[in-house]
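**Student:** Right, I'll just put the structure down here and ask away after.
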Amino acid sequence: MKLYTYFRSSAAFRVRIALNLKALAYEPAFVHLAKGEHRQPAFTAVNPQGLLPALAVDGAHLAQSIAIMEYLEEAHPQPPLLPKHPLERARVRSLSLIVACEIHPLNNPRVLKYVKNTLGRSQEEIDAWYRHWIADGLAKLEAELGRPGTERHCHGDAPSMADCCLVPQIFNAQRFACDLKPYPTVMRVFDACMRLEAFDRAQPSKQPDAESP
Ligand SMILES: N[C@@H](CCC(=O)N[C@@H](CS)C(=O)NCC(=O)O)C(=O)O
């Protein structure tokens with residue numbers, strides 16, 4: 001398998017964690033987001049969406065991190081990233097989608113660039129926008145993690161797809177100096193995840209294409 005990745009891409013980070021948790025080897029292909037390589041034909045031939053990550057497997061090119069993780073789960077069920085019971089699976093997907101649909105799309109580089117360059121907003125306003133959507137989404141995640149089912153991890157005592165989504169979002173929030181004190185359960189789960197080698201090895205600073213901040 002070949003994973004098209006960039007050290008700071010949080011969507012790619014989700015998939016790096018999932019691959020590590022399942023002990024699946026992959027060859028990284030680095031696409032430099034800050035240099036716009038994801039918009040170049042060499043990459044849009046792989047993923048016409050022009051977004052990271054993409055996974056090349058068995059002659060196919062998969063896009064969208066959630067779909068990629070679902071594929072990995074179906075093709076390589078052990079260890080599972082989703083619980084057995086349908087209701088529990090739905091909970092894990094719902095927690096994952098808070099990050100993937102409610103937070104991340106609003107704070108994506110292309111969205112921030114549009115608000116700044118096309119709508120002419122200042123960097124201060126962009127930062128306020130960023131922190132607002134982090135606070136909004138993490139408050140929802142905190143409330144959800146306070147409900148039955150959450151243990152050491154988002155759901156139960158083993159990491160799931162929801163943990164694969166939570167951790168990269170916290171790295172982003174820390175990078176933008178967001179206040180994380182209001183989310184003690186989110187941060188407790190984050191700390192539990194980061195004690196695991198699969199999460200630690202996937203973090204941006206440990207990627208071969210990492211650059212200094
Ligand atoms: N929903 C997509 C999001 C993919 C995405 O937005 N990736 C970012 C990097 S984290 C990207 O490629 N952004 C390019 C841009 O905004 O121009 C997924 O989960 O894979």
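Convention: chains lettered A, B, ... in structure tokens order; per-chain residue numbering from 1; ligands numbered from 1 as shown.
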Could you please write out, as a PyMOL selection string, every residue of segment 11-54 of chain A that DSSP assigns to alpha helix (DSSP H)?
**Tutor:** chain A and resi 11-21+41-44
**Student:** With only C-alpha atoms and all ligand atoms counted and 7 Å as the cut-off, give the residues of chain A in contact with ligand 1, each with its shortest interatomic distance in Å and the pair that gives it, as a tab-separated table.
**Tutor:**
```
residue	atom	partner	partner_atom_place_in_ligand_line	distance
A:Ser9	CA	ligand 1	10 (S)	3.7
A:Ser10	CA	ligand 1	10 (S)	4.5
A:Ala11	CA	ligand 1	10 (S)	4.4
A:Ala12	CA	ligand 1	10 (S)	6.3
A:Leu33	CA	ligand 1	14 (C)	6.5
A:His38	CA	ligand 1	12 (O)	6.8
A:Gly50	CA	ligand 1	12 (O)	6.4
A:Leu51	CA	ligand 1	12 (O)	3.4
A:Leu52	CA	ligand 1	12 (O)	3.9
A:Pro53	CA	ligand 1	20 (O)	5.6
A:Ala63	CA	ligand 1	20 (O)	6.3
A:Gln64	CA	ligand 1	20 (O)	3.4
A:Ser65	CA	ligand 1	20 (O)	3.8
A:Ile66	CA	ligand 1	19 (O)	5.7
A:Ala100	CA	ligand 1	19 (O)	5.9
A:Pro105	CA	ligand 1	6 (O)	6.4
A:Asn108	CA	ligand 1	16 (O)	5.0
A:Pro109	CA	ligand 1	16 (O)	4.1
A:Arg110	CA	ligand 1	16 (O)	3.7
A:Val111	CA	ligand 1	16 (O)	6.5
```
**Student:** Return the single residue from A:Arg14, A:His153, A:Gln174, A:Met187 that is closest to Ile68 of chain A, with distances computed using only C-alpha atoms.
**Tutor:** A:Arg14
**Student:** Choose the residue, out of A:Ile134, A:Val186, A:Ile170, A:Cys178, that has the smallest atom-to-atom separation from Gln203 of chain A; count only C-alpha atoms.
**Tutor:**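 Using only C-alpha atoms, the shortest distance to Gln203 of chain A belongs to A:Ile170.
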**Student:** Using the chain letters and numbers from this document, which residues of segment 5-56 of chain A does DSSP assign to strand (DSSP E or B), as a ChimeraX atom specification?
**Tutor:** /A:5,27-30,54-56
**Student:** With N, CA and C atoms retained, could you export that selection as a PDB file, in the first residue's frame?
**Tutor:**
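Written file, selection_19.pdb:
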```
ATOM      1  N   THR A   5       0.702  11.377   1.722  1.00  0.00           N
ATOM      2  CA  THR A   5       0.613  11.987   3.044  1.00  0.00           C
ATOM      3  C   THR A   5       1.440  13.262   3.101  1.00  0.00           C
ATOM      4  N   GLU A  27       4.048   2.286   2.137  1.00  0.00           N
ATOM      5  CA  GLU A  27       5.113   3.149   1.611  1.00  0.00           C
ATOM      6  C   GLU A  27       4.557   4.572   1.580  1.00  0.00           C
ATOM      7  N   PRO A  28       5.228   5.529   2.226  1.00  0.00           N
ATOM      8  CA  PRO A  28       4.698   6.891   2.174  1.00  0.00           C
ATOM      9  C   PRO A  28       5.090   7.592   0.870  1.00  0.00           C
ATOM     10  N   ALA A  29       4.165   8.361   0.319  1.00  0.00           N
ATOM     11  CA  ALA A  29       4.473   9.233  -0.823  1.00  0.00           C
ATOM     12  C   ALA A  29       4.156  10.649  -0.341  1.00  0.00           C
ATOM     13  N   PHE A  30       5.180  11.494  -0.309  1.00  0.00           N
ATOM     14  CA  PHE A  30       4.996  12.803   0.314  1.00  0.00           C
ATOM     15  C   PHE A  30       4.492  13.833  -0.687  1.00  0.00           C
ATOM     16  N   ALA A  54      -4.534   9.979   0.325  1.00  0.00           N
ATOM     17  CA  ALA A  54      -5.033   9.005  -0.641  1.00  0.00           C
ATOM     18  C   ALA A  54      -4.261   7.718  -0.376  1.00  0.00           C
ATOM     19  N   LEU A  55      -4.923   6.622  -0.625  1.00  0.00           N
ATOM     20  CA  LEU A  55      -4.273   5.327  -0.410  1.00  0.00           C
ATOM     21  C   LEU A  55      -4.330   4.526  -1.704  1.00  0.00           C
ATOM     22  N   ALA A  56      -3.152   4.132  -2.189  1.00  0.00           N
ATOM     23  CA  ALA A  56      -3.097   3.270  -3.370  1.00  0.00           C
ATOM     24  C   ALA A  56      -3.004   1.828  -2.889  1.00  0.00           C
TER      25      ALA A  56
END
```
**Student:** Using only C-alpha atoms, determine which residues lie at most 8 Å from Leu19 of chain A, disregarding the query and same-chain residues fewer than 6 positions distant; provide the list as a list of chain:residue names.
**Tutor:**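 In the requested format, the answer is A:Ala25, A:Tyr26, A:Leu72.
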**Student:** What is the distance, in Å and to one decimal place, between atom CA of Phe7 of chain A and atom CA of Gly156 of chain A?
**Tutor:**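 Answer for the atom CA of Phe7 of chain A to atom CA of Gly156 of chain A separation: 28.7 Å.
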**Student:** Please provide the set of residues having any atom within 12 Å of Ala128 of chain A, restricted to only C-alpha atoms, with same-chain residues fewer than 5 positions apart removed, written as a list in words.
**Tutor:**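 After dropping sequence-adjacent residues, the list is Asn107, Leu112, Val115, Arg121, Ser122, Gln123, Trp133, Ile134, Ala135, Phe176, Ala177 and Cys178 of chain A.
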**Student:** Would you mind listing what lies within 9 Å of segment 140-148 of chain A as a PyMOL selection string, with only C-alpha atoms counted and same-chain residues fewer than 2 positions away left out?
**Tutor:** chain A and resi 95+98-99+135-138+150-151+154-155+166+182-186
**Student:** Mind giving me the straight-line distance from atom CA of Cys164 of chain A to atom CA of Arg89 of chain A in Å, one decimal?
**Tutor:**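 Between these atoms lies a distance of 14.4 Å.
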**Student:** When you draw a straight line from atom CA of Leu3 of chain A to atom CA of Glu211 of chain A, how long is it in Å?
**Tutor:**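 About the pair atom CA of Leu3 of chain A and atom CA of Glu211 of chain A: they are 18.7 Å apart.
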